[in-house]
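Structure first, then comments.
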Amino acid sequence: MKQLCHILCVDDEEDIQEVVKLCLEMDGSFTIETCPGGAEALAFLTHTRPDLILLDVMMPGMDGPATFAAMKARGINVPVIFMTARVRGAEVSQYLDMGAAGVVPKPFDPVTLADEVRQLWTASLAKPPGAA
Amino acid sequence: MSTVGQAFDSALEGLRTRYLAKLAETAAELDKLIAFCDLDALTPDIAAAAAGLAHKLIGSGQTLGFPYVSRDAAVLETVLAADPLQPVVISKVAKQLKASCVDYMQSGTPSSSSAPLSPPPPPSAPPPVAAIDEAPEPPPLAGPSLIAIHADPMVGRLLDDVFASHAHIVTYPSIAEAVAPAYPASLLIVDLDSPGSQPNMLGELRSRPGLAELPILALTGQRKSAAVARAIVGTQLEALLKPVTPIELDSRANAALQRRRLSVVIGDDDRIVRELLKARFETQGYQIHLAHDGEDVMTLARAHLPSIIVLDREMPKIEGLKVLGMLKADPATQHIPVIMLTSKGQAAEISEGRKAGAADYMIKPFAPDQVLARASQILGLPG
């Protein structure tokens with residue numbers, strides 16, 4: 001079975017980037033890369049394919065959904081988990097309908113983040129990456 | 001704790017410390033926003049920038065251990081979304097958010113658990129920690145005494161808002177320092193996010209004299225802490241996930257205090273029925289007195305004057321209906337509501353029991369939850 005090893009975290013907020021990196025790296029089984037925005041993430045993805053992308057919804061410039069749409073348009077079918085401080089039902093449904101593997105609400109619990117991400121990723125393997 | 005766990009805590013602490021320093025920048029940004037509001041010079045661009053700032057704080061505040069930053073930022077974001085050019089409301093909400101930032105900056109919470117916390121009272125909050133050796137005022141006779149364990153000025157402010165008007169609060173900064181006060185306390189409130197108050201210390205806390213039976217309200221921003229605390233203490237602990245509103249805290253504390261004062265005499269000669277009902281009533285914090293015959297019921301009722309009596313109709317020595325009559329004839333016990341249980345369901349018998357003064361009549365077999373729910377209803381308890 002495919003293992004979750006390499007994760008890209010896309011968030012404009014440095015504190016969140018670092019806490020995500022810390023929580024996931026401490027788990028011991030992940031390598032984490034970070035990008036501060038959607039454009040940087042797309043540039044990163046031209047040469048690297050992580051196993052999973054944690055994608056902030058609200059970012060200046062290219063936001064999370066726009067980044068996700070651009071990824072799909074480029075044929076980049078890496079599972080994406082959105083991170084958002086807005087966890088209203090309609091928005092969560094919208095992200096899942098777009099093909100997201102899951103949504104992690106902010107604020108999140110640093111202690112359980114790794115387990116949560118692993119569970120969402122495992123569940124995403126049951127369906128084709130990026131499929132709605 | 002494992003080395004990895006220690007490294008994690010240490011690294012997270014580093015991030016929190018840096019975040020704490022950044023709160024000063026946030027407070028300065030909020031000052032600008034407040035100034036624009038007060039000068040009635042708010043523009044859509046400034047409002048949009050403020051909304052961006054609030055949004056970031058919602059996500060990062062609680063994640064890094066500053067739940068009130070998240071809470072107040074969420075209010076600011078909502079207000080800005082509703083009407084971005086409403087200066088009076090925005091100014092008020094921004095001031096609240098800034099006060100939360102300043103409180104954290106001054107208290108240094110959360111901070112290294114090895115560093116003793118001696119938070120100065122922030123301007124927006126009353127002094128949070130009154131150590132026991134600072135000669136606490138004697139408690140008012142009419143109100144309950146609360147033991148509070150926390151080192152967070154925000155929690156102190158919340159407790160004062162909710163309880164200071166009618167309860168005496170004895171505060172300790174950590175679990176290690178908590179002891180039972182000289183006078184009886186009714187409730188223990190512990191902030192599991194304060195340094196020196198980890199949930200795994202609750203078992204030892206419960207072993208101290210005077211603290212074993214107290215209901216506990218645990219405040220925490222971490223679901224895991226809440227789960228650990230519940231696993232250790234059991235049904236006498238209720239966990240409230242931060243941010244906790246004053247209304248929520250008041251309601252949960254009142255419910256816990258009310259249940260604390262509740263007791264029940266369960267009279268049934270069937271051990272299984274007694275144990276089933278005992279288990280259900282215990283989950284709600286009742287003090288339980290078990291009787292296996294009619295004589296026992298009378299003895300326990302007169303000795304303890306319980307809040308309610310659950311009485312089987314068919315019992316040895318004195319049968320239930322006669323016990324009911326004796327209870328209702330005694331001025332000391334006549335006010336105690338009685339729920340009769342019976343395997344006889346005929347209308348005439350139910351009517352007989354009602355006439356004798358039963359508050360309710362339940363037919364066996366019954367679900368223990370139904371008896372508990374009926375008792376709560378008769379006693380006017382929430383939920």
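Chains: A, B, ... in order of the structure tokens. Residues: from 1 per chain. Ligands: from 1, in order shown.
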
Extract, using only C-alpha atoms, all DNA, RNA and protein residues at most 10 Å from Gly52 in chain B, discarding same-chain residues fewer than 6 positions from it, and format them as a PDB file with N, CA and C atoms, in the first residue's frame.
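Once written, around.pdb looks like this:
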```pdb
ATOM      1  N   MET A  58      -7.984  30.674   2.467  1.00  0.00           N
ATOM      2  CA  MET A  58      -7.971  32.126   2.285  1.00  0.00           C
ATOM      3  C   MET A  58      -6.528  32.628   2.259  1.00  0.00           C
ATOM      4  N   MET A  59      -6.071  32.958   1.069  1.00  0.00           N
ATOM      5  CA  MET A  59      -4.706  33.498   0.919  1.00  0.00           C
ATOM      6  C   MET A  59      -4.782  34.687  -0.028  1.00  0.00           C
ATOM      7  N   PRO A  60      -3.909  35.658   0.169  1.00  0.00           N
ATOM      8  CA  PRO A  60      -3.902  36.782  -0.765  1.00  0.00           C
ATOM      9  C   PRO A  60      -3.462  36.324  -2.164  1.00  0.00           C
TER      10      PRO A  60
ATOM     11  N   ILE B  46      -9.121  49.764   4.539  1.00  0.00           N
ATOM     12  CA  ILE B  46      -8.707  49.512   5.926  1.00  0.00           C
ATOM     13  C   ILE B  46      -9.545  48.381   6.524  1.00  0.00           C
ATOM     14  N   GLU B  77     -14.202  39.524  12.679  1.00  0.00           N
ATOM     15  CA  GLU B  77     -14.417  39.166  11.280  1.00  0.00           C
ATOM     16  C   GLU B  77     -15.907  39.193  10.932  1.00  0.00           C
TER      17      GLU B  77
END
```

With the cut-off set at 8 Å and counting only C-alpha atoms, tabulate each residue of chain B with an atom at most that distance from an atom of chain A, showing the nearest atom pair and its distance in Å to one decimal, ordered by chain and increasing number, as JSON lines.
```
{"residue": "B:Val4", "atom": "CA", "partner": "A:Met26", "partner_atom": "CA", "distance": 7.0}
{"residue": "B:Phe8", "atom": "CA", "partner": "A:Met26", "partner_atom": "CA", "distance": 6.4}
{"residue": "B:Ala11", "atom": "CA", "partner": "A:Leu22", "partner_atom": "CA", "distance": 7.4}
{"residue": "B:Leu12", "atom": "CA", "partner": "A:Val19", "partner_atom": "CA", "distance": 7.2}
{"residue": "B:Leu15", "atom": "CA", "partner": "A:Val19", "partner_atom": "CA", "distance": 7.3}
{"residue": "B:Tyr19", "atom": "CA", "partner": "A:Asp15", "partner_atom": "CA", "distance": 7.4}
{"residue": "B:His55", "atom": "CA", "partner": "A:Ala85", "partner_atom": "CA", "distance": 7.2}
{"residue": "B:Lys56", "atom": "CA", "partner": "A:Glu13", "partner_atom": "CA", "distance": 7.3}
{"residue": "B:Ile58", "atom": "CA", "partner": "A:Ala85", "partner_atom": "CA", "distance": 6.5}
{"residue": "B:Gly59", "atom": "CA", "partner": "A:Pro107", "partner_atom": "CA", "distance": 4.5}
{"residue": "B:Ser60", "atom": "CA", "partner": "A:Pro107", "partner_atom": "CA", "distance": 6.2}
{"residue": "B:Gly61", "atom": "CA", "partner": "A:Pro107", "partner_atom": "CA", "distance": 7.3}
{"residue": "B:Gln62", "atom": "CA", "partner": "A:Pro107", "partner_atom": "CA", "distance": 5.6}
{"residue": "B:Thr63", "atom": "CA", "partner": "A:Pro107", "partner_atom": "CA", "distance": 4.8}
{"residue": "B:Leu64", "atom": "CA", "partner": "A:Val19", "partner_atom": "CA", "distance": 7.8}
{"residue": "B:Ser70", "atom": "CA", "partner": "A:Pro107", "partner_atom": "CA", "distance": 7.9}
{"residue": "B:Gln222", "atom": "CA", "partner": "A:Asp109", "partner_atom": "CA", "distance": 6.4}
{"residue": "B:Arg223", "atom": "CA", "partner": "A:Asp109", "partner_atom": "CA", "distance": 7.7}
{"residue": "B:Lys224", "atom": "CA", "partner": "A:Val111", "partner_atom": "CA", "distance": 7.7}
```

For the residues selected in the previous step, produce a file with C-alpha atoms as a PDB file, in the first residue's frame.
```pdb
ATOM      1  CA  VAL B   4      10.030  13.016  20.989  1.00  0.00           C
ATOM      2  CA  PHE B   8       7.586  18.495  20.401  1.00  0.00           C
ATOM      3  CA  ALA B  11       9.392  23.282  19.811  1.00  0.00           C
ATOM      4  CA  LEU B  12       5.733  24.186  20.179  1.00  0.00           C
ATOM      5  CA  LEU B  15       6.492  28.872  18.373  1.00  0.00           C
ATOM      6  CA  TYR B  19       3.630  34.217  18.533  1.00  0.00           C
ATOM      7  CA  HIS B  55      -9.089  35.865   9.721  1.00  0.00           C
ATOM      8  CA  LYS B  56      -5.463  34.940  10.297  1.00  0.00           C
ATOM      9  CA  ILE B  58      -8.868  32.996  14.082  1.00  0.00           C
ATOM     10  CA  GLY B  59      -6.788  30.191  12.628  1.00  0.00           C
ATOM     11  CA  SER B  60      -3.553  30.767  14.451  1.00  0.00           C
ATOM     12  CA  GLY B  61      -4.646  31.961  17.907  1.00  0.00           C
ATOM     13  CA  GLN B  62      -6.228  28.843  19.305  1.00  0.00           C
ATOM     14  CA  THR B  63      -3.955  26.527  17.351  1.00  0.00           C
ATOM     15  CA  LEU B  64      -0.999  28.009  19.191  1.00  0.00           C
ATOM     16  CA  SER B  70      -9.378  33.290  18.057  1.00  0.00           C
ATOM     17  CA  GLN B 222      -7.616  20.563  23.456  1.00  0.00           C
ATOM     18  CA  ARG B 223     -10.034  17.726  22.838  1.00  0.00           C
ATOM     19  CA  LYS B 224      -7.345  15.263  23.820  1.00  0.00           C
TER      20      LYS B 224
END
```

Worksheet entry | Test item: residues at most 9 Å from range 244-250 of chain B, only C-alpha atoms, excluding those fewer than 5 positions along its chain, as a PyMOL selection string | chain B and resi 158-159+161-163+217+219-220+255

Could you write those residues out with C-alpha atoms, as a PDB file, in the first residue's frame?
```pdb
ATOM      1  CA  LEU B 158     -14.298  34.718  32.920  1.00  0.00           C
ATOM      2  CA  LEU B 159     -14.717  33.195  36.391  1.00  0.00           C
ATOM      3  CA  ASP B 161     -17.689  37.598  35.375  1.00  0.00           C
ATOM      4  CA  VAL B 162     -19.745  34.525  36.077  1.00  0.00           C
ATOM      5  CA  PHE B 163     -19.240  33.812  39.771  1.00  0.00           C
ATOM      6  CA  LEU B 217     -15.465  21.529  35.425  1.00  0.00           C
ATOM      7  CA  LEU B 219     -11.649  24.057  30.717  1.00  0.00           C
ATOM      8  CA  THR B 220      -9.391  23.260  27.802  1.00  0.00           C
ATOM      9  CA  ALA B 255     -26.179  22.155  36.684  1.00  0.00           C
TER      10      ALA B 255
END
```

Practice prompt. Please provide as a count of residues only all residues within 9 Å of range 366-368 of chain B, with the sequence filter that same-chain residues fewer than 3 positions apart are discarded (counting only C-alpha atoms).
Written response: 12

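By only C-alpha atoms, and with residues fewer than 4 positions from Ser174 in chain B along its chain excluded, the set lying at most 8 Å from it is B:Ile149, B:His150, B:Ala151, B:Ala178, B:Ser194, B:Pro195, B:Gly196, B:Ser197.
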
Discussion item. Just to confirm, what's the straight-line distance from CA of Gly320 in chain B to CA of Thr342 in chain B in Å (one decimal)?
Written reply: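 Here the two named atoms are 9.2 Å from each other.
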
Discussion item. What parts of chain A does DSSP call alpha helix (DSSP H)? I'd like the answer as a ChimeraX atom specification.
Written reply: /A:14-26,38-45,64-73,89-98,113-124

Discussion item. So that I can check the surroundings of range 302-314 of chain B, please list as a ChimeraX atom specification every protein, DNA and RNA residue that reaches within 7 Å of it, counting only C-alpha atoms and ignoring chain neighbours fewer than 4 positions away.
Written reply: /B:262-268,298,319-321,333,336-342

Item to complete: Could you give me, as a PyMOL selection string, the residues within 12 Å of Asp51 in chain A, counting only C-alpha atoms and dropping anything in the same chain fewer than 5 positions from it?
Response: chain A and resi 2-9+30-33+45+76-81+101+117-118+121-122+124-125+129

Discussion item. If you run DSSP on the backbone here, which positions in chain A get strand (DSSP E)? Please write them as JSON, numbers by chain.
Written reply: {"A": [6, 7, 8, 9, 10, 31, 32, 33, 34, 35, 52, 53, 54, 55, 56, 80, 81, 82, 83, 84, 102, 103, 104, 105]}

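Picture a line from CA of Ala356 in chain B to CA of Ile318 in chain B; it runs 15.2 Å.
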
Worksheet item: Just how far from CA of Leu379 in chain B is CA of Gln287 in chain B, in Å to one decimal?
Response: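 Computing the Euclidean distance for CA of Gln287 in chain B and CA of Leu379 in chain B yields 14.7 Å.
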